[in-house]
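One structure is given below, encoded as C-alpha cells.
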Amino acid sequence: MSESLSIREGKKLAKPAVYAGLVIILSLLPLVIGSGYMLHILILTFIYVIAAVSLRTITISGQFPLAHAAFMGIGAYLSGMASKWLGWSPWLTIPLAGLITAGAGMLIGYPFARLRALYYAMVSLFFGIGVTQAIYAGGVWTGGYGGLIGIMPLLPPTVSKVPYYYLFLGLAIVSAIALYRFEFCRIGTTLKAVAQSYLVASSVGINEGWYRILAMGVGCFFVGLAGAAYAHYNLVISGTSFNFMATLWLVMYVLIGGIGHFAGPIIGTFILILIPEFFRDLKTYSPFIYAGTLIIVVYLMPQGLAGLPQMVRSRFTEHRKDKRTVHAA
Amino acid sequence: MEQAIPTLTNILVLSSMYILVALGFVLLFNVVGIINFAHGAIYMLGGYIGFAFSVVCGLNQWLALLLTVLVIASFGLFLERFCFRPFAGDFNRTVTICIAIIVILETGVNIIGGTKILTFPAFVEGILRIGHVSVSYERILTFAIGAILLGITIWFIKRTKWGQQMQAVSQDVEAAALQGINVNRISAFASALGCGLAAIAGCLMGAYMGLSPFMGDFILVKVLIVAILAGVGSIGGIFFAGLVLGVIDAVFPLFISGAASSAVAVAIVIVILLIRPQGFFGHEMEM
C-alpha cells in the first residue's frame with residue numbers, strides 16, 4: 001500500500017523533475033556553446049516556442065486560427081515603429097505591443113466568433129494575408145517590401161548574445177508557465193468545454209462567444225510579446241517573416257509536437273528548428289530533412305511527438321491484455 | 001476608355017485561371033475529402049515540367065502541354081494513394097502532409113530550376129488590333145483554353161457516368177459505396193483530374209506571367225479565397241466567386257498600389273464572409 005503510494009508520488013514528481021532538468025540544461029548551455037550562431041538559433045527557438053504555445057492555447061477553445069504569424073507581425077511592427085519613429089524605450093514598447101496585439105486579437109475575434117470550423121480557419125487565414133499586404137503597402141512607415149530597419153536594440157549594442165539568450169529563455173519560461181496556468185485554471189477548463197460542444201456549453205450558461213474571444217486575446221498577447229521582442233533582438237523585420245507560410249510553420253510546430261499535450265508545441269519547435277540545423281552542411285538539401293521529419297511523424301505518430309510515450313505504453317498494455325485473455329481461455 | 005479593353009481581358013484571363021485551379025481544388029475537397037494546401041505547389045510543378053518538355057527537350061508546345069498533363073495527373077494518382085487517402089477527413093494530418101509536399105516540391109524545383117524567374121515561351125505570337133484597341137493573341141488563347149476546359153469539365157461532371165459517380169461520392173461516401181461505386185477509384189480519378197487542371201493552368205500562367213518556384217503560394221491564396229467565397233463544396237459557385245475575385249484583382253491595381261489593392265481585396269472578402277459565413281452558395285460544414 002505504502003509502496004504503491006510512493007510510486008504514485010514519484011510519478012507526480014517525475015514531470016516537474018524533467019522540466020527542471022531541462023531548464024537547468026538550457027541555462028548551462030551558453031557555457032558549453034561558444035559559437036554565436038548556435039546561440040542565435042536557440043534564441044529564435046525560444047521566440048517560436050512562445051508563439052507555438054500561445055497558438056495551442058487558442059486551439060483549446062476549439063478554433064483554429066491560421067493568422068498567428070500575422071499577429072506576431074503586428075506586435076513586431078508596432079514595437080519596432082514605436083521605438084523608431086517615437087523614440088520610446090524598447091522596455092516600454094514590448095509590453096505595450098503585447099497589450100495592443102491582444103486588443104487587436106479580441107477585436108478581430110469578436111466578428112469572427114460567429115464563424116466556425118473551416119470557415120473560421122479560412123477567414124482568419126485571409127486576415128493574416130491582409131496584414132502582410134498592409135505591411136507591404138505601408139510605405140515609409142513600415143519600410144514596405146524592404147523591411148523595417150533601424151529598430152532600437154533591447155540591450156546596448158556592444159553586448160554578446162549570452163545576455164539575450166538568458167533574457168529570451170526567461171521570457172519563454174515565464175510565458176509557458178503563465179499559459180500552463182491559464183489552461184488548467186477554471187477558464188481553461190471552460191474553453192475545453194466550449195471546444196467539445198458549443199451548444200451544450202451555451203445551454204449551461206457559458207457565454208461561448210466571449211470565451212472564444214478571451215482565448216484569442218490571451219494567445220495574441222503572448223505572440224505579440226514574442227514578436228516585439230524578436231523585433232528588438234533581430235533589429236530588421238520584414239513582412240516575409242510573418243506571412244501565410246510563416247503561420248503554417250507555426251501550425252507545423254504545434255501539430256508535429258502534438259496538439260493534445262501542453263509540451264507538444266515546445267517539443268515540436270525544438271525538433272523542427274534544430275534538426276535542419278544539424279544537417280546544415282547539406283545547405284540547399286536541408287529542407288528535405290525537414291519534410292522527411294514531417295512525413296515520418298505524420299505516418300507513424302498520429303498524436304505527434306508528445307503522444308509517443310502514451311502510444312508506446314498503450315501498445316505494451318494491449319499486448320499484456322492479449323496474453324491475459326489467452327491464459328484465461 | 002483606353003484602359004477598358006485591357007482591363008476586361010485581364011479580368012477574363014485571371015478569372016478563368018483562378019476558376020480552373022479552384023475547380024481542381026474543390027474536386028479534391030468534395031471527392032477525396034481533403035483541403036489540398038499543396039495545390040499551388042502542384043500548379044507550380046506543372047509549369048516547370050511544361051517548361052522542361054518544351055524548352056529543355058525542345059518538343060512542340062502543344063505536345064509538351066499534353067505530356068505535362070499526363071505526368072501531373074499520374075503524380076496526382078500517386079498523391080491520392082499514398083498521401084491523401086490514408087488521412088482523409090483528418091484536418092491536422094492532411095495539413096502536415098501537404099506542407100511536406102510543398103517543401104519537397106519547392107526545394108526540388110529551386111535546386112533544379114534555380115530561383116530566377118523563367119519565361120515560358122508564348123503559345124502564339126502577335127497582337128489583335130481592332131481600331132485603337134489591341135489585345136495579344138496570347139491572352140485570348142489563355143482565356144479560350146480556360147473556358148473550353150471548364151466547359152468540358154462541367155459537362156463531364158454533370159453528364160457522364162464517372163462524373164455522376166463523383167457527385168454521388170461527394171454527397172455521401174457510404175451511400176455511394178453501397179450503390180456499388182468504387183469509391184477509391186473515383187477519388188483517385190478526381191485527384192488526377194484536379195492535378196491535371198492545375199498543371200494546364202500552370203503552363204498557361206507560366207506563359208502569361210513567368211515561372212518562379214514560389215508562384216504556387218500566390219495562386220493557393222487565390223484558390224482558397226475562391227473556394228471559400230463560393231461556399232465550400234459548391235462547384236457552380238466557384239464561377240461566380242472566381243469572376244468576383246478576377247474583377248477585384250484586375251480593377252483595383254488601376255487605382256492604388258499592388259500591395260494595398262491586395263489588402264483591400266482581402267478586406268472585402270472578409271466582410272462578405274462575415275455577412276454571409278457560408279459563402280455565396282454554401283452550407284454550414286463541420287471540419
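In the C-alpha cells, chains take letters A, B, ... by order of appearance, with residues numbered from 1 within each chain and ligands from 1 in the order shown.
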
Legend entry - Neighbour list for B:Ala64 as a PyMOL selection string, cut-off 7 Å, only C-alpha atoms, skip fewer than 3 positions in-chain: chain B and resi 50+53-54+59-61+67-68

Would you write out those residues with C-alpha atoms, as a PDB file, in the first residue's frame?
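Contents of the output file out12.pdb:
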```pdb
ATOM      1  CA  GLY B  50       5.891  22.050 -69.182  1.00  0.00           C
ATOM      2  CA  PHE B  53       9.379  19.487 -72.033  1.00  0.00           C
ATOM      3  CA  SER B  54       9.045  22.472 -74.352  1.00  0.00           C
ATOM      4  CA  LEU B  59       9.265  19.492 -78.049  1.00  0.00           C
ATOM      5  CA  ASN B  60       6.292  21.097 -79.745  1.00  0.00           C
ATOM      6  CA  GLN B  61       4.452  23.255 -77.228  1.00  0.00           C
ATOM      7  CA  LEU B  67       2.709  15.337 -71.728  1.00  0.00           C
ATOM      8  CA  THR B  68       2.732  17.681 -68.729  1.00  0.00           C
TER       9      THR B  68
END
```

Give me, as JSON lines, each residue of chain A that comes within 6 Å of chain B, together with its shortest interatomic pair and the distance in Å at one decimal, counting only C-alpha atoms, with rows ordered by chain and rising residue number.
```
{"residue": "A:Ala117", "atom": "CA", "partner": "B:Met287", "partner_atom": "CA", "distance": 5.4}
{"residue": "A:Leu118", "atom": "CA", "partner": "B:Met287", "partner_atom": "CA", "distance": 5.6}
{"residue": "A:Gly130", "atom": "CA", "partner": "B:Ala263", "partner_atom": "CA", "distance": 4.6}
{"residue": "A:Gln133", "atom": "CA", "partner": "B:Ala259", "partner_atom": "CA", "distance": 5.1}
{"residue": "A:Ala134", "atom": "CA", "partner": "B:Ala263", "partner_atom": "CA", "distance": 5.7}
{"residue": "A:Tyr136", "atom": "CA", "partner": "B:Ala259", "partner_atom": "CA", "distance": 5.9}
{"residue": "A:Ala137", "atom": "CA", "partner": "B:Ala260", "partner_atom": "CA", "distance": 5.0}
{"residue": "A:Ala291", "atom": "CA", "partner": "B:Ala100", "partner_atom": "CA", "distance": 4.6}
```

Inset, instruction - Using DSSP on the backbone coordinates, identify the residues of stretch 8-233 of chain B assigned to strand (DSSP E or B); present them as a PyMOL selection string. - result: chain B and resi 118+127-130+133-136+211

Inset, instruction - Could you jot down the atom CA of A:Ile275 to atom CA of A:Trp249 separation for me, Å, one decimal place? - result: 14.4 Å

Alpha helix (DSSP H) call set, DSSP backbone run, stretch 72-267 of chain A, as a compact mmCIF listing (two decimals) with N, CA and C atoms, in the first residue's frame:
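The resulting file, out00.txt, is reproduced below:
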```txt
# COMPACT_ATOMS: atom_id res chain seq x y z
N MET A 72 1.94 38.00 -34.69
CA MET A 72 3.34 38.19 -34.32
C MET A 72 3.90 39.41 -35.05
N GLY A 73 3.53 39.54 -36.33
CA GLY A 73 3.97 40.68 -37.12
C GLY A 73 3.40 41.98 -36.61
N ILE A 74 2.12 41.96 -36.18
CA ILE A 74 1.52 43.18 -35.62
C ILE A 74 2.33 43.63 -34.42
N GLY A 75 2.65 42.68 -33.51
CA GLY A 75 3.43 43.03 -32.33
C GLY A 75 4.80 43.57 -32.71
N ALA A 76 5.46 42.87 -33.65
CA ALA A 76 6.82 43.26 -34.03
C ALA A 76 6.82 44.65 -34.65
N TYR A 77 5.89 44.90 -35.58
CA TYR A 77 5.89 46.19 -36.26
C TYR A 77 5.47 47.32 -35.35
N LEU A 78 4.48 47.07 -34.46
CA LEU A 78 4.06 48.13 -33.53
C LEU A 78 5.23 48.55 -32.67
N SER A 79 5.93 47.56 -32.10
CA SER A 79 7.02 47.88 -31.20
C SER A 79 8.18 48.52 -31.96
N GLY A 80 8.49 47.94 -33.13
CA GLY A 80 9.59 48.49 -33.92
C GLY A 80 9.31 49.92 -34.36
N MET A 81 8.08 50.19 -34.81
CA MET A 81 7.75 51.53 -35.28
C MET A 81 7.71 52.51 -34.14
N PRO A 90 12.57 50.34 -25.81
CA PRO A 90 12.02 49.01 -26.10
C PRO A 90 11.39 48.36 -24.88
N TRP A 91 11.92 48.68 -23.67
CA TRP A 91 11.38 48.05 -22.47
C TRP A 91 9.95 48.47 -22.22
N LEU A 92 9.57 49.64 -22.77
CA LEU A 92 8.18 50.10 -22.66
C LEU A 92 7.35 49.57 -23.82
N THR A 93 7.95 49.60 -25.05
CA THR A 93 7.14 49.28 -26.22
C THR A 93 6.82 47.79 -26.30
N ILE A 94 7.68 46.91 -25.75
CA ILE A 94 7.41 45.47 -25.90
C ILE A 94 6.14 45.05 -25.16
N PRO A 95 6.00 45.38 -23.86
CA PRO A 95 4.73 45.02 -23.21
C PRO A 95 3.54 45.74 -23.82
N LEU A 96 3.76 46.99 -24.24
CA LEU A 96 2.67 47.75 -24.86
C LEU A 96 2.21 47.07 -26.15
N ALA A 97 3.19 46.63 -26.95
CA ALA A 97 2.85 45.94 -28.20
C ALA A 97 2.08 44.66 -27.90
N GLY A 98 2.48 43.95 -26.81
CA GLY A 98 1.73 42.75 -26.43
C GLY A 98 0.29 43.08 -26.13
N LEU A 99 0.08 44.15 -25.36
CA LEU A 99 -1.29 44.53 -24.99
C LEU A 99 -2.10 44.93 -26.21
N ILE A 100 -1.49 45.74 -27.10
CA ILE A 100 -2.25 46.19 -28.28
C ILE A 100 -2.57 45.00 -29.19
N THR A 101 -1.60 44.06 -29.32
CA THR A 101 -1.88 42.86 -30.13
C THR A 101 -3.04 42.08 -29.53
N ALA A 102 -3.05 41.96 -28.18
CA ALA A 102 -4.16 41.26 -27.53
C ALA A 102 -5.47 41.96 -27.86
N GLY A 103 -5.46 43.31 -27.81
CA GLY A 103 -6.66 44.07 -28.14
C GLY A 103 -7.09 43.81 -29.57
N ALA A 104 -6.09 43.81 -30.49
CA ALA A 104 -6.39 43.56 -31.90
C ALA A 104 -6.98 42.17 -32.06
N GLY A 105 -6.40 41.19 -31.35
CA GLY A 105 -6.90 39.82 -31.46
C GLY A 105 -8.34 39.73 -31.00
N MET A 106 -8.68 40.43 -29.90
CA MET A 106 -10.05 40.36 -29.39
C MET A 106 -11.00 41.09 -30.32
N LEU A 107 -10.51 42.21 -30.89
CA LEU A 107 -11.33 42.99 -31.82
C LEU A 107 -11.66 42.15 -33.06
N ILE A 108 -10.65 41.40 -33.53
CA ILE A 108 -10.86 40.52 -34.69
C ILE A 108 -11.71 39.33 -34.27
N GLY A 109 -11.46 38.83 -33.04
CA GLY A 109 -12.19 37.67 -32.56
C GLY A 109 -13.68 37.94 -32.44
N TYR A 110 -14.07 39.20 -32.19
CA TYR A 110 -15.48 39.50 -31.98
C TYR A 110 -16.34 39.18 -33.20
N PRO A 111 -16.04 39.77 -34.38
CA PRO A 111 -16.85 39.37 -35.55
C PRO A 111 -16.60 37.93 -35.98
N PHE A 112 -15.36 37.43 -35.78
CA PHE A 112 -15.04 36.09 -36.25
C PHE A 112 -15.68 35.01 -35.39
N ALA A 117 -15.34 26.31 -37.35
CA ALA A 117 -14.56 25.25 -38.00
C ALA A 117 -13.78 25.78 -39.21
N LEU A 118 -14.06 25.21 -40.38
CA LEU A 118 -13.29 25.50 -41.57
C LEU A 118 -13.38 26.97 -41.96
N TYR A 119 -14.60 27.55 -41.85
CA TYR A 119 -14.77 28.94 -42.26
C TYR A 119 -13.96 29.86 -41.35
N TYR A 120 -13.92 29.54 -40.05
CA TYR A 120 -13.11 30.34 -39.13
C TYR A 120 -11.65 30.28 -39.53
N ALA A 121 -11.15 29.04 -39.77
CA ALA A 121 -9.74 28.88 -40.13
C ALA A 121 -9.42 29.68 -41.38
N MET A 122 -10.31 29.57 -42.38
CA MET A 122 -10.02 30.21 -43.67
C MET A 122 -10.10 31.73 -43.58
N VAL A 123 -11.14 32.25 -42.89
CA VAL A 123 -11.27 33.70 -42.82
C VAL A 123 -10.11 34.29 -42.02
N SER A 124 -9.66 33.58 -40.97
CA SER A 124 -8.51 34.11 -40.24
C SER A 124 -7.26 34.06 -41.12
N LEU A 125 -7.19 33.04 -41.99
CA LEU A 125 -6.07 32.98 -42.93
C LEU A 125 -6.08 34.21 -43.85
N PHE A 126 -7.28 34.57 -44.34
CA PHE A 126 -7.36 35.76 -45.20
C PHE A 126 -6.97 37.01 -44.43
N PHE A 127 -7.34 37.06 -43.16
CA PHE A 127 -6.95 38.21 -42.34
C PHE A 127 -5.43 38.31 -42.27
N GLY A 128 -4.78 37.14 -42.06
CA GLY A 128 -3.32 37.15 -42.00
C GLY A 128 -2.70 37.66 -43.28
N ILE A 129 -3.27 37.24 -44.42
CA ILE A 129 -2.75 37.71 -45.71
C ILE A 129 -2.93 39.22 -45.82
N GLY A 130 -4.11 39.70 -45.36
CA GLY A 130 -4.37 41.14 -45.40
C GLY A 130 -3.34 41.91 -44.59
N VAL A 131 -2.98 41.39 -43.41
CA VAL A 131 -2.00 42.07 -42.56
C VAL A 131 -0.65 42.16 -43.28
N THR A 132 -0.22 41.05 -43.89
CA THR A 132 1.06 41.07 -44.61
C THR A 132 1.03 42.10 -45.73
N GLN A 133 -0.08 42.12 -46.48
CA GLN A 133 -0.16 43.07 -47.60
C GLN A 133 -0.19 44.50 -47.08
N ALA A 134 -0.86 44.72 -45.94
CA ALA A 134 -0.89 46.07 -45.37
C ALA A 134 0.52 46.49 -44.95
N ILE A 135 1.32 45.54 -44.43
CA ILE A 135 2.70 45.86 -44.07
C ILE A 135 3.48 46.27 -45.32
N TYR A 136 3.28 45.53 -46.42
CA TYR A 136 3.98 45.88 -47.66
C TYR A 136 3.53 47.24 -48.18
N ALA A 137 2.24 47.53 -47.99
CA ALA A 137 1.69 48.77 -48.54
C ALA A 137 1.97 49.96 -47.65
N LYS A 161 25.77 37.68 -27.38
CA LYS A 161 24.44 37.08 -27.46
C LYS A 161 24.02 36.43 -26.14
N VAL A 162 24.96 36.23 -25.21
CA VAL A 162 24.64 35.48 -23.99
C VAL A 162 23.56 36.17 -23.15
N PRO A 163 23.63 37.49 -22.90
CA PRO A 163 22.53 38.11 -22.13
C PRO A 163 21.19 37.96 -22.83
N TYR A 164 21.19 38.11 -24.17
CA TYR A 164 19.96 37.91 -24.92
C TYR A 164 19.44 36.49 -24.70
N TYR A 165 20.35 35.53 -24.71
CA TYR A 165 19.96 34.13 -24.53
C TYR A 165 19.19 33.97 -23.23
N TYR A 166 19.76 34.50 -22.12
CA TYR A 166 19.09 34.34 -20.83
C TYR A 166 17.78 35.10 -20.79
N LEU A 167 17.76 36.27 -21.42
CA LEU A 167 16.54 37.08 -21.44
C LEU A 167 15.40 36.32 -22.13
N PHE A 168 15.71 35.74 -23.30
CA PHE A 168 14.66 35.06 -24.05
C PHE A 168 14.29 33.72 -23.41
N LEU A 169 15.30 33.06 -22.81
CA LEU A 169 14.98 31.82 -22.07
C LEU A 169 14.00 32.14 -20.95
N GLY A 170 14.29 33.23 -20.21
CA GLY A 170 13.41 33.63 -19.12
C GLY A 170 12.02 33.97 -19.63
N LEU A 171 11.96 34.73 -20.74
CA LEU A 171 10.66 35.12 -21.30
C LEU A 171 9.86 33.88 -21.72
N ALA A 172 10.55 32.92 -22.34
CA ALA A 172 9.86 31.70 -22.78
C ALA A 172 9.34 30.92 -21.58
N ILE A 173 10.17 30.81 -20.52
CA ILE A 173 9.74 30.03 -19.35
C ILE A 173 8.54 30.71 -18.69
N VAL A 174 8.63 32.04 -18.51
CA VAL A 174 7.53 32.76 -17.85
C VAL A 174 6.25 32.62 -18.68
N SER A 175 6.35 32.78 -20.01
CA SER A 175 5.16 32.67 -20.85
C SER A 175 4.58 31.27 -20.77
N ALA A 176 5.47 30.25 -20.82
CA ALA A 176 4.97 28.88 -20.79
C ALA A 176 4.26 28.60 -19.48
N ILE A 177 4.83 29.07 -18.35
CA ILE A 177 4.19 28.84 -17.06
C ILE A 177 2.84 29.54 -17.02
N ALA A 178 2.80 30.80 -17.51
CA ALA A 178 1.54 31.55 -17.49
C ALA A 178 0.48 30.85 -18.32
N LEU A 179 0.87 30.37 -19.51
CA LEU A 179 -0.11 29.72 -20.38
C LEU A 179 -0.54 28.37 -19.82
N TYR A 180 0.40 27.69 -19.13
CA TYR A 180 0.05 26.42 -18.49
C TYR A 180 -0.97 26.66 -17.40
N ARG A 181 -0.73 27.68 -16.58
CA ARG A 181 -1.68 28.01 -15.51
C ARG A 181 -3.04 28.38 -16.12
N PHE A 182 -3.00 29.12 -17.22
CA PHE A 182 -4.25 29.55 -17.86
C PHE A 182 -5.03 28.33 -18.36
N GLU A 183 -4.31 27.35 -18.93
CA GLU A 183 -5.01 26.20 -19.49
C GLU A 183 -5.68 25.36 -18.41
N PHE A 184 -5.03 25.27 -17.23
CA PHE A 184 -5.57 24.38 -16.21
C PHE A 184 -6.32 25.12 -15.11
N ARG A 186 -9.83 27.61 -14.16
CA ARG A 186 -11.23 27.42 -14.48
C ARG A 186 -11.55 27.85 -15.90
N ILE A 187 -10.96 28.98 -16.32
CA ILE A 187 -11.24 29.48 -17.68
C ILE A 187 -10.81 28.46 -18.73
N GLY A 188 -9.62 27.87 -18.51
CA GLY A 188 -9.12 26.90 -19.47
C GLY A 188 -10.04 25.70 -19.59
N THR A 189 -10.55 25.25 -18.44
CA THR A 189 -11.48 24.12 -18.45
C THR A 189 -12.75 24.50 -19.21
N THR A 190 -13.23 25.73 -18.97
CA THR A 190 -14.42 26.18 -19.69
C THR A 190 -14.17 26.19 -21.19
N LEU A 191 -12.96 26.64 -21.58
CA LEU A 191 -12.64 26.68 -23.01
C LEU A 191 -12.70 25.28 -23.60
N LYS A 192 -12.20 24.29 -22.86
CA LYS A 192 -12.23 22.92 -23.37
C LYS A 192 -13.68 22.45 -23.52
N ALA A 193 -14.54 22.88 -22.57
CA ALA A 193 -15.95 22.53 -22.68
C ALA A 193 -16.56 23.13 -23.94
N VAL A 194 -16.22 24.42 -24.21
CA VAL A 194 -16.73 25.08 -25.41
C VAL A 194 -16.27 24.32 -26.65
N ALA A 195 -15.00 23.84 -26.62
CA ALA A 195 -14.47 23.14 -27.78
C ALA A 195 -15.21 21.83 -28.01
N GLN A 196 -15.57 21.15 -26.91
CA GLN A 196 -16.22 19.85 -27.08
C GLN A 196 -17.60 20.00 -27.69
N TYR A 198 -20.17 23.49 -28.36
CA TYR A 198 -20.55 24.85 -28.01
C TYR A 198 -22.02 24.94 -27.66
N LEU A 199 -22.81 24.02 -28.20
CA LEU A 199 -24.25 24.08 -27.90
C LEU A 199 -24.50 23.69 -26.45
N VAL A 200 -23.88 22.58 -26.00
CA VAL A 200 -24.04 22.16 -24.61
C VAL A 200 -23.48 23.23 -23.68
N ALA A 201 -22.31 23.77 -24.04
CA ALA A 201 -21.68 24.77 -23.19
C ALA A 201 -22.58 25.98 -23.02
N SER A 202 -23.18 26.45 -24.14
CA SER A 202 -24.03 27.64 -24.00
C SER A 202 -25.34 27.31 -23.32
N SER A 203 -25.76 26.03 -23.35
CA SER A 203 -27.02 25.68 -22.68
C SER A 203 -26.86 25.66 -21.17
N GLU A 208 -20.29 31.42 -24.84
CA GLU A 208 -19.19 30.78 -25.56
C GLU A 208 -18.46 31.76 -26.47
N GLY A 209 -19.20 32.71 -27.05
CA GLY A 209 -18.55 33.70 -27.90
C GLY A 209 -17.49 34.48 -27.13
N TRP A 210 -17.86 34.90 -25.92
CA TRP A 210 -16.94 35.69 -25.11
C TRP A 210 -15.70 34.88 -24.72
N TYR A 211 -15.91 33.60 -24.41
CA TYR A 211 -14.76 32.78 -24.03
C TYR A 211 -13.82 32.56 -25.21
N ARG A 212 -14.40 32.41 -26.41
CA ARG A 212 -13.54 32.24 -27.58
C ARG A 212 -12.74 33.52 -27.82
N ILE A 213 -13.38 34.70 -27.64
CA ILE A 213 -12.67 35.97 -27.81
C ILE A 213 -11.57 36.09 -26.77
N LEU A 214 -11.86 35.65 -25.54
CA LEU A 214 -10.87 35.72 -24.46
C LEU A 214 -9.65 34.86 -24.81
N ALA A 215 -9.91 33.66 -25.35
CA ALA A 215 -8.78 32.80 -25.73
C ALA A 215 -7.92 33.48 -26.79
N MET A 216 -8.59 34.14 -27.75
CA MET A 216 -7.87 34.90 -28.78
C MET A 216 -6.99 35.96 -28.12
N GLY A 217 -7.58 36.70 -27.16
CA GLY A 217 -6.85 37.79 -26.51
C GLY A 217 -5.61 37.28 -25.80
N VAL A 218 -5.75 36.19 -25.04
CA VAL A 218 -4.61 35.66 -24.28
C VAL A 218 -3.53 35.17 -25.24
N GLY A 219 -3.94 34.40 -26.26
CA GLY A 219 -2.96 33.88 -27.21
C GLY A 219 -2.24 35.01 -27.93
N CYS A 220 -3.00 36.04 -28.33
CA CYS A 220 -2.40 37.12 -29.10
C CYS A 220 -1.49 37.98 -28.23
N PHE A 221 -1.79 38.09 -26.93
CA PHE A 221 -0.91 38.87 -26.05
C PHE A 221 0.50 38.28 -26.09
N PHE A 222 0.57 36.93 -25.90
CA PHE A 222 1.90 36.32 -25.81
C PHE A 222 2.61 36.33 -27.16
N VAL A 223 1.85 36.13 -28.25
CA VAL A 223 2.54 36.12 -29.54
C VAL A 223 2.98 37.54 -29.91
N GLY A 224 2.20 38.55 -29.49
CA GLY A 224 2.62 39.93 -29.73
C GLY A 224 3.90 40.25 -28.97
N LEU A 225 3.95 39.77 -27.74
CA LEU A 225 5.15 39.94 -26.90
C LEU A 225 6.35 39.31 -27.59
N ALA A 226 6.16 38.07 -28.07
CA ALA A 226 7.27 37.36 -28.73
C ALA A 226 7.71 38.11 -29.97
N GLY A 227 6.73 38.59 -30.76
CA GLY A 227 7.07 39.31 -31.98
C GLY A 227 7.83 40.59 -31.68
N ALA A 228 7.37 41.33 -30.66
CA ALA A 228 8.01 42.60 -30.32
C ALA A 228 9.43 42.35 -29.83
N ALA A 229 9.61 41.32 -29.00
CA ALA A 229 10.96 41.02 -28.51
C ALA A 229 11.86 40.62 -29.67
N TYR A 230 11.28 39.87 -30.63
CA TYR A 230 12.05 39.47 -31.81
C TYR A 230 12.53 40.70 -32.58
N ALA A 231 11.63 41.69 -32.73
CA ALA A 231 11.99 42.90 -33.48
C ALA A 231 13.18 43.59 -32.85
N HIS A 232 13.21 43.67 -31.50
CA HIS A 232 14.30 44.39 -30.84
C HIS A 232 15.55 43.54 -30.69
N TYR A 233 15.43 42.26 -30.98
CA TYR A 233 16.63 41.41 -30.98
C TYR A 233 17.25 41.39 -32.37
N ASN A 234 16.38 41.16 -33.39
CA ASN A 234 16.89 40.99 -34.76
C ASN A 234 17.21 42.33 -35.41
N PHE A 244 1.77 34.12 -44.69
CA PHE A 244 0.90 32.96 -44.59
C PHE A 244 1.71 31.67 -44.39
N MET A 245 2.87 31.57 -45.08
CA MET A 245 3.68 30.38 -44.89
C MET A 245 4.25 30.33 -43.47
N ALA A 246 4.60 31.49 -42.91
CA ALA A 246 5.12 31.52 -41.54
C ALA A 246 4.07 31.00 -40.57
N THR A 247 2.80 31.36 -40.82
CA THR A 247 1.72 30.83 -39.98
C THR A 247 1.67 29.32 -40.09
N LEU A 248 1.81 28.81 -41.32
CA LEU A 248 1.76 27.35 -41.49
C LEU A 248 2.93 26.68 -40.78
N TRP A 249 4.11 27.34 -40.74
CA TRP A 249 5.22 26.75 -39.97
C TRP A 249 4.84 26.64 -38.51
N LEU A 250 4.23 27.71 -37.97
CA LEU A 250 3.82 27.66 -36.56
C LEU A 250 2.85 26.52 -36.33
N VAL A 251 1.90 26.36 -37.27
CA VAL A 251 0.94 25.26 -37.16
C VAL A 251 1.67 23.93 -37.15
N MET A 252 2.73 23.83 -37.98
CA MET A 252 3.53 22.60 -38.02
C MET A 252 4.18 22.34 -36.67
N TYR A 253 4.76 23.39 -36.05
CA TYR A 253 5.40 23.19 -34.75
C TYR A 253 4.40 22.59 -33.77
N VAL A 254 3.16 23.10 -33.81
CA VAL A 254 2.15 22.61 -32.88
C VAL A 254 1.75 21.17 -33.22
N LEU A 255 1.50 20.91 -34.50
CA LEU A 255 0.97 19.60 -34.88
C LEU A 255 2.01 18.50 -34.76
N ILE A 256 3.27 18.79 -35.13
CA ILE A 256 4.30 17.77 -35.05
C ILE A 256 4.57 17.42 -33.59
N GLY A 257 4.57 18.44 -32.74
CA GLY A 257 4.78 18.18 -31.32
C GLY A 257 3.62 17.44 -30.71
N GLY A 264 3.62 19.58 -26.28
CA GLY A 264 3.71 19.34 -27.72
C GLY A 264 4.39 20.45 -28.50
N PRO A 265 3.85 21.69 -28.47
CA PRO A 265 4.46 22.75 -29.27
C PRO A 265 5.92 23.02 -28.90
N ILE A 266 6.26 22.83 -27.61
CA ILE A 266 7.65 23.07 -27.20
C ILE A 266 8.56 22.05 -27.86
N ILE A 267 8.17 20.77 -27.77
CA ILE A 267 8.96 19.71 -28.39
C ILE A 267 9.04 19.93 -29.90
```

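Summary of the local environment: counting only C-alpha atoms, residues at most 6 Å from B:Tyr43, other than itself and those fewer than 3 positions away along its chain, are Gly40, Gly46, Ala198, Ala199 and Gly202 of chain B.
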
Could you please take those selected residues and save N, CA and C atoms as an mmCIF file, in the first residue's frame?
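File again_29.cif, as written:
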```
data_model
loop_
_atom_site.group_PDB
_atom_site.id
_atom_site.type_symbol
_atom_site.label_atom_id
_atom_site.label_comp_id
_atom_site.auth_asym_id
_atom_site.auth_seq_id
_atom_site.Cartn_x
_atom_site.Cartn_y
_atom_site.Cartn_z
ATOM 1 N N GLY B 40 -1.238 24.654 -54.903
ATOM 2 C CA GLY B 40 -0.402 25.677 -55.524
ATOM 3 C C GLY B 40 0.931 25.099 -55.958
ATOM 4 N N GLY B 46 3.547 21.843 -62.466
ATOM 5 C CA GLY B 46 3.039 21.733 -63.825
ATOM 6 C C GLY B 46 3.724 22.717 -64.752
ATOM 7 N N ALA B 198 -4.750 21.791 -62.719
ATOM 8 C CA ALA B 198 -3.768 22.715 -62.144
ATOM 9 C C ALA B 198 -2.540 22.812 -63.043
ATOM 10 N N ALA B 199 -2.135 21.662 -63.636
ATOM 11 C CA ALA B 199 -0.947 21.672 -64.492
ATOM 12 C C ALA B 199 -1.176 22.526 -65.731
ATOM 13 N N GLY B 202 -0.955 26.003 -64.771
ATOM 14 C CA GLY B 202 0.439 26.357 -64.501
ATOM 15 C C GLY B 202 1.178 26.696 -65.782
#
```

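Take the candidates A:Gly150, A:Gly239, A:Gly138, A:Gly258 and check each one against A:Gly307 using only C-alpha atoms; the shortest distance goes to A:Gly258.
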
Legend entry - Selected residue, from B:Val247, B:Ala22, B:Leu70, B:Leu254, that lies nearest to B:Ala230 when counting only C-alpha atoms: B:Ala22

Inset, instruction - Using only C-alpha atoms, determine which residues lie at most 12 Å from stretch 131-139 of chain B, disregarding the query and same-chain residues fewer than 5 positions distant; provide the list as JSON, numbers by chain. - result: {"B": [1, 2, 3, 4, 5, 6, 7, 8, 9, 10, 11, 12, 13, 14, 16, 17, 120, 121, 122, 123, 124, 125, 126, 144, 145, 146, 204, 205, 206, 207, 208, 209]}
